[in-house]
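Below is final-v5.tsv, which holds TSV, C-alpha atoms and all ligand atoms.
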chain	number	residue	atom	x	y	z
A	1	MET	CA	0.00	0.00	0.00
A	2	ILE	CA	1.42	3.38	-1.01
A	3	SER	CA	0.75	5.10	2.33
A	4	THR	CA	2.46	2.29	4.27
A	5	THR	CA	5.48	2.38	1.95
A	6	LEU	CA	5.69	6.15	2.36
A	7	LEU	CA	5.44	5.97	6.15
A	8	ASP	CA	8.20	3.35	6.27
A	9	TRP	CA	10.36	5.61	4.12
A	10	TYR	CA	9.55	8.60	6.33
A	11	ASP	CA	10.45	6.68	9.50
A	12	ALA	CA	13.98	6.29	8.12
A	13	ASN	CA	14.35	9.55	6.20
A	14	ALA	CA	12.30	12.33	7.85
A	15	ARG	CA	14.02	15.69	7.59
A	16	PRO	CA	14.73	17.28	10.96
A	17	MET	CA	12.82	20.53	11.43
A	18	PRO	CA	12.64	22.57	14.62
A	19	TRP	CA	8.82	22.42	14.70
A	20	ARG	CA	8.59	18.74	13.81
A	21	VAL	CA	8.12	15.79	16.16
A	22	PRO	CA	10.38	13.11	14.61
A	23	PRO	CA	8.61	9.89	13.56
A	24	GLY	CA	10.14	7.81	16.37
A	25	GLN	CA	8.70	10.16	18.99
A	26	SER	CA	5.44	10.48	17.07
A	27	ARG	CA	4.99	6.71	17.13
A	28	ALA	CA	5.61	6.84	20.89
A	29	GLY	CA	2.65	9.20	21.24
A	30	ILE	CA	4.44	12.56	21.52
A	31	LYS	CA	2.31	15.30	19.95
A	32	PRO	CA	3.56	18.43	18.23
A	33	ASP	CA	2.75	21.84	19.69
A	34	PRO	CA	-0.08	23.30	17.53
A	35	TYR	CA	1.41	26.77	18.05
A	36	HIS	CA	4.67	25.63	16.47
A	37	ILE	CA	2.90	23.92	13.57
A	38	TRP	CA	0.70	26.95	12.89
A	39	LEU	CA	3.66	29.35	13.09
A	40	SER	CA	5.80	27.23	10.77
A	41	GLU	CA	3.00	26.66	8.25
A	42	VAL	CA	2.22	30.38	8.00
A	43	MET	CA	5.92	31.11	7.53
A	44	LEU	CA	6.20	28.34	4.92
A	45	GLN	CA	3.48	29.82	2.68
A	46	GLN	CA	5.36	30.74	-0.53
A	47	THR	CA	8.70	30.11	1.21
A	48	THR	CA	11.15	27.22	1.61
A	49	VAL	CA	12.04	25.31	4.77
A	50	ALA	CA	15.63	26.56	4.54
A	51	ALA	CA	14.45	30.19	4.52
A	52	VAL	CA	12.06	29.68	7.43
A	53	VAL	CA	14.18	27.81	10.02
A	54	ASN	CA	15.98	30.84	11.48
A	55	TYR	CA	12.83	32.96	11.55
A	56	PHE	CA	10.91	30.20	13.30
A	57	THR	CA	13.67	29.75	15.88
A	58	THR	CA	13.74	33.49	16.58
A	59	PHE	CA	9.96	33.76	16.92
A	60	ARG	CA	9.77	30.72	19.18
A	61	ALA	CA	12.50	32.07	21.45
A	62	ARG	CA	11.02	35.55	21.63
A	63	TRP	CA	7.35	34.53	21.81
A	64	PRO	CA	7.25	30.97	23.19
A	65	ASN	CA	3.46	30.59	23.08
A	66	VAL	CA	0.46	32.10	21.36
A	67	HIS	CA	-0.40	34.36	24.33
A	68	ALA	CA	3.09	35.88	24.23
A	69	LEU	CA	2.79	36.50	20.49
A	70	ALA	CA	-0.70	37.95	20.90
A	71	ASN	CA	0.67	40.49	23.40
A	72	ALA	CA	3.63	41.50	21.20
A	73	ALA	CA	3.84	44.98	19.69
A	74	ASP	CA	2.98	45.04	15.99
A	75	THR	CA	6.26	46.78	15.16
A	76	ASP	CA	8.30	44.09	16.93
A	77	VAL	CA	6.60	41.30	15.00
A	78	MET	CA	6.85	43.12	11.67
A	79	GLY	CA	10.52	43.79	12.39
A	80	GLU	CA	11.29	40.12	13.08
A	81	TRP	CA	9.38	39.16	9.92
A	82	ALA	CA	11.45	41.50	7.73
A	83	GLY	CA	13.11	39.64	4.87
A	84	LEU	CA	10.63	36.75	4.87
A	85	GLY	CA	8.35	38.49	2.35
A	86	TYR	CA	4.58	38.49	1.83
A	87	TYR	CA	4.14	40.84	4.75
A	88	ALA	CA	0.38	40.51	4.94
A	89	ARG	CA	1.18	37.12	6.48
A	90	ALA	CA	2.75	38.81	9.51
A	91	GLN	CA	-0.30	41.04	9.98
A	92	ASN	CA	-2.62	38.04	9.75
A	93	LEU	CA	-0.34	36.07	12.07
A	94	LEU	CA	-0.87	38.68	14.77
A	95	LYS	CA	-4.62	38.90	14.17
A	96	CYS	CA	-4.89	35.12	14.40
A	97	ALA	CA	-2.74	34.93	17.55
A	98	ARG	CA	-4.96	37.51	19.24
A	99	ILE	CA	-8.14	35.61	18.34
A	100	ILE	CA	-6.69	32.31	19.58
A	101	SER	CA	-5.43	33.97	22.76
A	102	THR	CA	-8.61	35.85	23.67
A	103	GLU	CA	-11.43	33.82	22.13
A	104	HIS	CA	-10.06	30.26	22.27
A	105	ASP	CA	-8.11	30.44	25.54
A	106	GLY	CA	-4.88	29.80	23.64
A	107	HIS	CA	-6.07	26.57	21.98
A	108	PHE	CA	-6.07	26.15	18.21
A	109	PRO	CA	-9.10	24.39	16.72
A	110	SER	CA	-8.34	20.96	15.25
A	111	THR	CA	-10.63	20.77	12.20
A	112	GLU	CA	-10.06	22.25	8.76
A	113	ALA	CA	-13.53	23.85	8.89
A	114	ASP	CA	-12.72	25.80	12.07
A	115	LEU	CA	-9.11	26.59	11.17
A	116	ILE	CA	-10.00	28.09	7.80
A	117	ARG	CA	-12.14	30.75	9.50
A	118	LEU	CA	-9.03	32.25	11.12
A	119	PRO	CA	-7.03	35.10	9.51
A	120	GLY	CA	-4.20	33.99	7.25
A	121	ILE	CA	-5.26	30.34	7.10
A	122	GLY	CA	-6.31	29.11	3.65
A	123	PRO	CA	-7.32	25.61	2.52
A	124	TYR	CA	-3.78	24.22	2.34
A	125	THR	CA	-2.67	25.64	5.71
A	126	ALA	CA	-5.88	24.48	7.42
A	127	ALA	CA	-5.34	20.95	6.11
A	128	ALA	CA	-1.67	20.97	7.10
A	129	ILE	CA	-2.33	22.18	10.66
A	130	SER	CA	-5.22	19.77	11.08
A	131	ALA	CA	-3.12	16.84	9.83
A	132	ILE	CA	0.26	17.60	11.41
A	133	ALA	CA	-0.78	19.17	14.71
A	134	PHE	CA	-3.91	17.07	15.35
A	135	ASP	CA	-3.31	13.88	13.36
A	136	GLN	CA	-6.51	14.32	11.34
A	137	PRO	CA	-6.80	12.59	7.91
A	138	SER	CA	-6.90	15.92	6.05
A	139	THR	CA	-5.68	16.07	2.48
A	140	VAL	CA	-2.66	18.36	2.13
A	141	LEU	CA	-2.02	19.52	-1.41
A	142	ASP	CA	0.93	21.85	-1.82
A	143	ALA	CA	3.18	22.10	-4.89
A	144	ASN	CA	5.31	19.18	-3.66
A	145	VAL	CA	2.30	16.91	-3.25
A	146	GLU	CA	0.85	17.98	-6.60
A	147	ARG	CA	4.11	16.97	-8.25
A	148	VAL	CA	4.24	13.55	-6.57
A	149	ILE	CA	0.58	12.73	-7.25
A	150	SER	CA	0.63	13.87	-10.88
A	151	ARG	CA	3.66	11.64	-11.52
A	152	LEU	CA	2.40	8.71	-9.50
A	153	TYR	CA	-0.81	8.61	-11.55
A	154	ALA	CA	0.61	10.02	-14.82
A	155	THR	CA	-1.91	12.88	-14.76
A	156	THR	CA	-1.25	14.82	-17.94
A	157	GLU	CA	-4.01	17.41	-17.55
A	158	PRO	CA	-2.21	20.72	-16.88
A	159	LEU	CA	-2.24	22.64	-13.60
A	160	PRO	CA	-4.18	24.48	-12.32
A	161	GLU	CA	-7.13	22.74	-14.05
A	162	SER	CA	-5.97	19.37	-12.73
A	163	LYS	CA	-6.12	20.43	-9.06
A	164	PRO	CA	-9.52	18.82	-8.30
A	165	THR	CA	-8.35	15.56	-9.90
A	166	LEU	CA	-5.09	15.63	-7.95
A	167	ARG	CA	-6.95	16.44	-4.75
A	168	GLY	CA	-9.23	13.44	-5.24
A	169	LEU	CA	-6.29	11.12	-5.90
A	170	ALA	CA	-4.39	12.53	-2.90
A	171	ALA	CA	-7.46	12.10	-0.66
A	172	ASN	CA	-7.78	8.45	-1.69
A	173	LEU	CA	-4.18	7.86	-0.63
A	174	THR	CA	-4.49	9.55	2.78
A	175	PRO	CA	-4.56	6.91	5.54
A	176	THR	CA	-6.45	7.06	8.83
A	177	HIS	CA	-3.40	5.54	10.57
A	178	ARG	CA	-0.73	8.22	11.32
A	179	PRO	CA	-2.22	10.78	8.87
A	180	GLY	CA	-0.05	13.55	10.34
A	181	ASP	CA	3.17	11.69	9.65
A	182	TYR	CA	1.84	10.64	6.25
A	183	ALA	CA	1.19	14.30	5.30
A	184	GLN	CA	4.77	15.16	6.23
A	185	ALA	CA	6.07	12.07	4.43
A	186	ILE	CA	4.51	12.90	1.07
A	187	MET	CA	5.61	16.54	1.34
A	188	ASP	CA	9.15	15.41	2.21
A	189	LEU	CA	9.22	13.04	-0.76
A	190	GLY	CA	8.17	15.87	-3.09
A	191	ALA	CA	10.77	18.21	-1.59
A	192	THR	CA	13.61	15.70	-1.94
A	193	ILE	CA	13.47	12.58	-4.12
A	194	CYS	CA	10.53	13.63	-6.30
A	195	GLY	CA	11.82	17.16	-6.82
A	196	GLN	CA	11.96	19.10	-10.08
A	197	LYS	CA	14.32	16.41	-11.40
A	198	PRO	CA	13.00	13.17	-9.92
A	199	SER	CA	15.49	10.63	-8.54
A	200	CYS	CA	13.36	7.64	-9.42
A	201	LYS	CA	16.16	5.12	-8.87
A	202	ILE	CA	16.07	5.70	-5.12
A	203	CYS	CA	12.34	6.38	-4.79
A	204	PRO	CA	10.34	4.13	-2.46
A	205	LEU	CA	7.31	4.49	-4.77
A	206	ALA	CA	9.10	3.53	-7.99
A	207	THR	CA	7.21	0.26	-8.44
A	208	ASP	CA	3.86	2.07	-8.02
A	209	CYS	CA	4.67	5.03	-10.24
A	210	GLU	CA	2.72	5.22	-13.49
A	211	GLY	CA	4.65	8.29	-14.63
A	212	LEU	CA	7.90	6.36	-14.35
A	213	LYS	CA	6.43	3.36	-16.16
A	214	GLN	CA	5.33	5.59	-19.03
A	215	GLY	CA	8.70	7.39	-19.09
A	216	ILE	CA	7.08	10.80	-18.57
A	217	SER	CA	7.85	11.49	-14.90
A	218	ASP	CA	10.37	14.25	-15.74
A	219	GLU	CA	7.75	16.11	-17.78
A	220	LEU	CA	5.06	16.16	-15.07
A	221	PRO	CA	3.23	18.04	-13.75
A	222	ASN	CA	2.14	19.80	-16.90
A	223	LYS	CA	1.54	23.47	-16.25
A	224	ARG	CA	-0.34	26.03	-18.28
A	225	PRO	CA	2.19	28.71	-19.26
A	226	LYS	CA	1.92	31.74	-17.01
A	227	PRO	CA	1.51	35.17	-18.61
A	228	ALA	CA	4.68	37.26	-18.54
A	229	LYS	CA	4.97	39.46	-15.45
A	230	PRO	CA	4.60	43.19	-16.09
A	231	VAL	CA	7.37	45.60	-15.10
A	232	ARG	CA	6.61	48.45	-12.70
A	233	TYR	CA	8.79	51.46	-12.01
A	234	GLY	CA	9.29	53.61	-8.96
A	235	ILE	CA	11.67	55.90	-7.12
A	236	VAL	CA	13.00	55.20	-3.63
A	237	TYR	CA	14.57	57.93	-1.50
A	238	PHE	CA	17.63	57.43	0.70
A	239	ALA	CA	18.07	60.56	2.85
A	240	TYR	CA	21.12	60.51	5.13
A	241	ARG	CA	21.37	63.00	7.96
A	242	GLU	CA	24.89	63.96	8.98
A	243	ASP	CA	24.48	62.75	12.53
A	244	GLY	CA	24.14	59.19	11.19
A	245	ALA	CA	20.38	58.75	10.69
A	246	ILE	CA	18.28	57.82	7.67
A	247	LEU	CA	14.69	58.71	6.90
A	248	LEU	CA	12.25	55.80	7.12
A	249	GLU	CA	8.49	55.52	7.09
A	250	THR	CA	5.95	52.89	8.06
A	251	ARG	CA	4.10	51.59	5.01
A	252	PRO	CA	0.30	51.74	5.06
A	253	ALA	CA	-1.22	48.66	6.71
A	254	LYS	CA	-2.94	47.59	3.49
A	255	GLY	CA	-1.05	46.79	0.30
A	256	LEU	CA	2.43	45.52	-0.51
A	257	LEU	CA	4.92	45.53	2.38
A	258	GLY	CA	1.97	46.58	4.55
A	259	GLY	CA	2.96	47.83	8.01
A	260	MET	CA	6.70	47.42	7.33
A	261	MET	CA	9.43	50.00	7.90
A	262	ALA	CA	10.68	51.22	4.53
A	263	LEU	CA	12.55	53.95	2.71
A	264	PRO	CA	10.14	56.57	1.33
A	265	THR	CA	9.05	55.70	-2.19
A	266	THR	CA	6.73	56.79	-4.96
A	267	ASP	CA	3.86	54.61	-6.17
A	268	TRP	CA	5.00	51.74	-8.39
A	269	THR	CA	3.41	52.05	-11.81
A	270	GLU	CA	3.81	50.60	-15.29
A	271	THR	CA	4.81	54.00	-16.63
A	272	GLU	CA	7.67	56.24	-15.59
A	273	ALA	CA	7.46	57.17	-11.91
A	274	ILE	CA	6.65	60.74	-10.93
A	275	GLU	CA	9.05	62.17	-8.36
A	276	MET	CA	7.61	62.69	-4.85
A	277	PRO	CA	10.63	63.46	-2.65
A	278	PRO	CA	9.89	63.30	1.09
A	279	ILE	CA	12.01	66.41	1.77
A	280	ASN	CA	13.36	69.27	-0.30
A	281	ALA	CA	17.02	68.48	-0.89
A	282	ASN	CA	19.62	67.98	-3.58
A	283	TRP	CA	18.81	64.44	-4.72
A	284	GLN	CA	21.27	62.42	-6.80
A	285	ALA	CA	20.32	59.25	-8.72
A	286	LEU	CA	22.45	56.11	-8.48
A	287	ALA	CA	23.69	54.94	-11.86
A	288	THR	CA	22.15	51.49	-11.49
A	289	PRO	CA	18.52	50.92	-10.46
A	290	VAL	CA	17.54	48.25	-7.94
A	291	LYS	CA	15.53	45.34	-9.31
A	292	HIS	CA	13.22	43.06	-7.38
A	293	THR	CA	10.58	40.53	-8.38
A	294	PHE	CA	7.28	40.19	-6.56
A	295	THR	CA	4.71	37.47	-7.23
A	296	HIS	CA	2.85	39.47	-9.87
A	297	PHE	CA	5.38	41.94	-11.26
A	298	HIS	CA	9.02	42.91	-11.67
A	299	LEU	CA	10.00	46.18	-9.99
A	300	VAL	CA	12.68	48.59	-11.17
A	301	LEU	CA	13.48	51.20	-8.54
A	302	THR	CA	15.57	54.27	-9.19
A	303	VAL	CA	17.47	55.13	-6.00
A	304	LEU	CA	17.81	58.84	-5.20
A	305	THR	CA	20.16	59.80	-2.37
A	306	THR	CA	20.93	62.97	-0.49
A	307	THR	CA	22.83	64.12	2.57
A	308	VAL	CA	21.28	66.74	4.82
A	309	VAL	CA	22.29	68.49	8.03
A	310	ASP	CA	19.08	69.09	9.95
A	311	VAL	CA	15.71	69.19	8.29
A	312	SER	CA	12.03	68.69	8.81
A	313	PRO	CA	10.33	66.39	9.42
A	314	THR	CA	11.65	65.93	12.91
A	315	ARG	CA	10.19	62.43	13.12
A	316	GLY	CA	11.10	59.41	11.02
A	317	TRP	CA	14.89	59.62	11.35
A	318	PHE	CA	16.51	56.41	12.52
A	319	LYS	CA	20.12	56.04	13.66
A	320	ILE	CA	22.20	53.39	11.93
A	321	PRO	CA	24.29	51.52	14.48
A	322	ASP	CA	27.11	49.37	13.14
A	323	ALA	CA	25.13	46.40	14.44
A	324	THR	CA	25.61	42.73	13.79
A	325	THR	CA	21.95	41.80	14.02
A	326	PRO	CA	19.87	41.01	10.93
A	327	GLY	CA	18.16	43.88	9.15
A	328	LYS	CA	14.67	45.08	9.84
A	329	LEU	CA	13.78	46.18	6.34
A	330	PRO	CA	11.89	44.12	3.74
A	331	THR	CA	14.14	42.64	1.07
A	332	VAL	CA	13.48	45.18	-1.68
A	333	MET	CA	14.21	48.03	0.74
A	334	ARG	CA	17.30	46.24	1.96
A	335	LYS	CA	18.55	46.12	-1.64
A	336	ALA	CA	17.99	49.87	-2.07
A	337	TYR	CA	19.62	50.61	1.29
A	338	LEU	CA	22.68	48.49	0.43
A	339	ALA	CA	22.99	50.12	-3.00
A	340	ALA	CA	22.93	53.59	-1.43
A	341	MET	CA	25.43	52.62	1.26
A	342	ARG	CA	27.81	51.05	-1.25
A	343	ASN	CA	27.56	54.15	-3.39
A	344	ARG	CA	28.91	56.09	-0.42
A	345	GLY	CA	31.72	53.59	0.00
A	346	TRP	CA	30.37	52.57	3.41
A	347	THR	CA	30.80	48.86	2.95
A	348	ALA	CA	32.20	48.55	6.49
A	349	HIS	CA	28.65	49.15	7.72
A	350	LEU	CA	27.11	46.50	5.56
A	351	ASN	CA	27.54	43.57	7.89
A	352	HIS	CA	28.06	40.86	5.25
A	353	GLY	CA	25.14	41.97	3.14
A	354	GLN	CA	22.67	42.48	5.96
A	355	VAL	CA	21.17	45.82	6.73
A	356	PRO	CA	22.24	46.95	10.18
A	357	ASN	CA	19.50	47.26	12.76
A	358	VAL	CA	17.97	50.70	12.76
A	359	THR	CA	16.92	52.28	16.03
A	360	GLU	CA	15.13	55.53	16.73
B	1	LIG	S1	9.26	7.11	-9.09
B	1	LIG	FE1	10.12	9.07	-9.72
B	1	LIG	S2	8.40	10.25	-10.50
B	1	LIG	FE2	7.55	8.52	-9.41
B	1	LIG	S3	7.11	9.29	-7.36
B	1	LIG	FE3	9.17	8.40	-7.31
B	1	LIG	S4	10.61	10.08	-7.77
B	1	LIG	FE4	8.53	10.74	-8.32
Rewrite the structure of this file - the entire thing - as structure tokens.
Amino acid sequence: MISTTLLDWYDANARPMPWRVPPGQSRAGIKPDPYHIWLSEVMLQQTTVAAVVNYFTTFRARWPNVHALANAADTDVMGEWAGLGYYARAQNLLKCARIISTEHDGHFPSTEADLIRLPGIGPYTAAAISAIAFDQPSTVLDANVERVISRLYATTEPLPESKPTLRGLAANLTPTHRPGDYAQAIMDLGATICGQKPSCKICPLATDCEGLKQGISDELPNKRPKPAKPVRYGIVYFAYREDGAILLETRPAKGLLGGMMALPTTDWTETEAIEMPPINANWQALATPVKHTFTHFHLVLTVLTTTVVDVSPTRGWFKIPDATTPGKLPTVMRKAYLAAMRNRGWTAHLNHGQVPNVTE
């Protein structure tokens, strides 16, 4: 049976993760902490395990339970999230923590139906939390699982149209025995052996795999070509005050990089950006723009810099210590900051590519 084969493989090959209860302990009845599973799953949306591990460890150390996170200041949470991207997730994380803390006495619900009502929890995350944290036979279907299932059953219908078919096939495979470990097993297989280039020779499911039998496993899953991403343009302003401070602003709560600290910037549009400098000064453009890709568009940012002595506004200036802690700016702003700093020849402040902490 495929689920039994996968569980046997997982027992010997599970990847260690700081939020995961290893299969040996799981079989002995040790349960994961739902707070850890929820936190990791929200962080893992659109992000890899490798990128998440350090963030998860930091959050767990600083806010060891959902009540602690619920009582955290928004700016502290947004600051620790900086660099992980998709910043609406951090806002929803806080909203969800506060609901769980105040309305559920700190206990996460165990069913997909109840989980999906919470902020920031969609169908995949609800299924993953329900399966991993509560050992429910929920069907998890992320990109890794879609890849495994489409190859296992040689499903040639392209994504995303094939999702309902894949979901049905994945549901049929989900066992009632150890469903939480099974969910992690199939995701691990898709993240390792059945990756973009499948390693079928060492795959525990090779004898069951229709895609391998038909010689088409490398080509699956078929995907409908995505439309090309548009390019947007903007201007970002790096104002340096001679006492060692830069001008930052908090982004509006709604929209891209919502609630994050950022350099002042114009709107990002598909035509040439219109200058909107935050202060009157002698602005100079860097020769090379900063480029960054978001989910739905490429961004080209012209970086304007200036040095001032003492200007209005009096608020919004943040000192740059030569710190060794990770930066508090979102990645695109970190790129602009680094470009401006390098342009000044201040590479000693750059801390191996990280933005130094900024403090008021
Ligand atoms: S045999 Fe190959 S294609 Fe099939 S599930 Fe295993 S790694 Fe994936």
message: Counting only C-alpha atoms and all ligand atoms, what are the residues, protein, DNA or RNA alike, that approach ligand LIG 1 (chain B) to within 12 Å? I want them as a PyMOL selection string.
response: chain A and resi 2+5-6+9+144-155+186-221
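Taking all atoms listed in the file into account, Pro109 (chain A) lies nearest to A:Pro34 out of the set A:Pro34, A:Gly79, A:Pro277, A:Pro137.
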field: Exercise: residues within 7 Å of coordinate (-4.7, 26.7, 14.4), counting only C-alpha atoms, as a list in words
entry: Pro34, Trp38, Phe108, Pro109, Ser110, Leu115 and Ile129 of chain A
Please produce an output containing C-alpha atoms for each residue in the selection, written as a PDB file, in the coordinates of the input.
ATOM      1  CA  PRO A  34      -0.080  23.300  17.530  1.00  0.00           C
ATOM      2  CA  TRP A  38       0.700  26.950  12.890  1.00  0.00           C
ATOM      3  CA  PHE A 108      -6.070  26.150  18.210  1.00  0.00           C
ATOM      4  CA  PRO A 109      -9.100  24.390  16.720  1.00  0.00           C
ATOM      5  CA  SER A 110      -8.340  20.960  15.250  1.00  0.00           C
ATOM      6  CA  LEU A 115      -9.110  26.590  11.170  1.00  0.00           C
ATOM      7  CA  ILE A 129      -2.330  22.180  10.660  1.00  0.00           C
TER       8      ILE A 129
END
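Pairwise distance (CA of Ala131 (chain A), CA of Asn54 (chain A)) equals 23.7 Å.
Each of A:Leu301, A:Leu159, A:Ala133, A:Ala70 was checked against Val231 (chain A) using only C-alpha atoms; the smallest atom-to-atom distance is that of A:Leu301.
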message: With all atoms listed in the file as the counted atoms, please give the residues lying no more than 8 Å from region 259-273 of chain A, apart from itself and same-chain residues fewer than 6 positions off, as a ChimeraX atom specification.
response: /A:75,78-79,82,87,91,230-238,247-253,299,328-330,333,337
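Neighbours of region 281-284 of chain A closer than or equal to 12 Å, with all atoms listed in the file counted and sequence neighbours fewer than 6 positions away skipped, come out as A:Ile235, A:Val236, A:Tyr237, A:Phe238, A:Ala239, A:Tyr240, A:Arg241, A:Glu275, A:Thr302, A:Val303, A:Leu304, A:Thr305, A:Thr306, A:Thr307, A:Val308, A:Val309, A:Asp310, A:Val311, A:Ser312, A:Ala340, A:Asn343, A:Arg344.
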- request: One decimal, Å: what's the distance from CA of Ile274 (chain A) over to CA of Pro313 (chain A), could you say?
  value: 21.4 Å
query: How many Å lie between CA of Ser26 (chain A) and CA of Asp8 (chain A), rounded to one decimal?
result: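 Here the two named atoms are 13.2 Å from each other.
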- request: Go through A:Ala88, A:Val300, A:Leu7, A:Ala245 one by one, measure the shortest atom-to-atom distance of each to Arg315 (chain A) using all atoms listed in the file, and give the residue with the smallest value.
  value: A:Ala245
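Among the candidates A:Ala14, A:Gly168, A:Lys254, A:Ser162, the residue lying nearest to Asn92 (chain A) is A:Lys254 (atoms considered: only C-alpha atoms).
Among the candidates A:Ser101, A:Thr57, A:Thr125, A:Thr4, the residue lying nearest to Val42 (chain A) is A:Thr125 (atoms considered: all atoms listed in the file).
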Residues within 12 Å of Ala68 (chain A), please, as a PDB file with C-alpha atoms, in the frame of the given file. Count all atoms listed in the file; anything in the same chain fewer than 6 positions from it doesn't count.
ATOM      1  CA  TYR A  35       1.410  26.770  18.050  1.00  0.00           C
ATOM      2  CA  PHE A  59       9.960  33.760  16.920  1.00  0.00           C
ATOM      3  CA  ARG A  60       9.770  30.720  19.180  1.00  0.00           C
ATOM      4  CA  ALA A  61      12.500  32.070  21.450  1.00  0.00           C
ATOM      5  CA  ARG A  62      11.020  35.550  21.630  1.00  0.00           C
ATOM      6  CA  VAL A  77       6.600  41.300  15.000  1.00  0.00           C
ATOM      7  CA  LEU A  94      -0.870  38.680  14.770  1.00  0.00           C
ATOM      8  CA  ALA A  97      -2.740  34.930  17.550  1.00  0.00           C
ATOM      9  CA  ARG A  98      -4.960  37.510  19.240  1.00  0.00           C
ATOM     10  CA  ILE A 100      -6.690  32.310  19.580  1.00  0.00           C
ATOM     11  CA  SER A 101      -5.430  33.970  22.760  1.00  0.00           C
ATOM     12  CA  THR A 102      -8.610  35.850  23.670  1.00  0.00           C
ATOM     13  CA  GLY A 106      -4.880  29.800  23.640  1.00  0.00           C
TER      14      GLY A 106
END
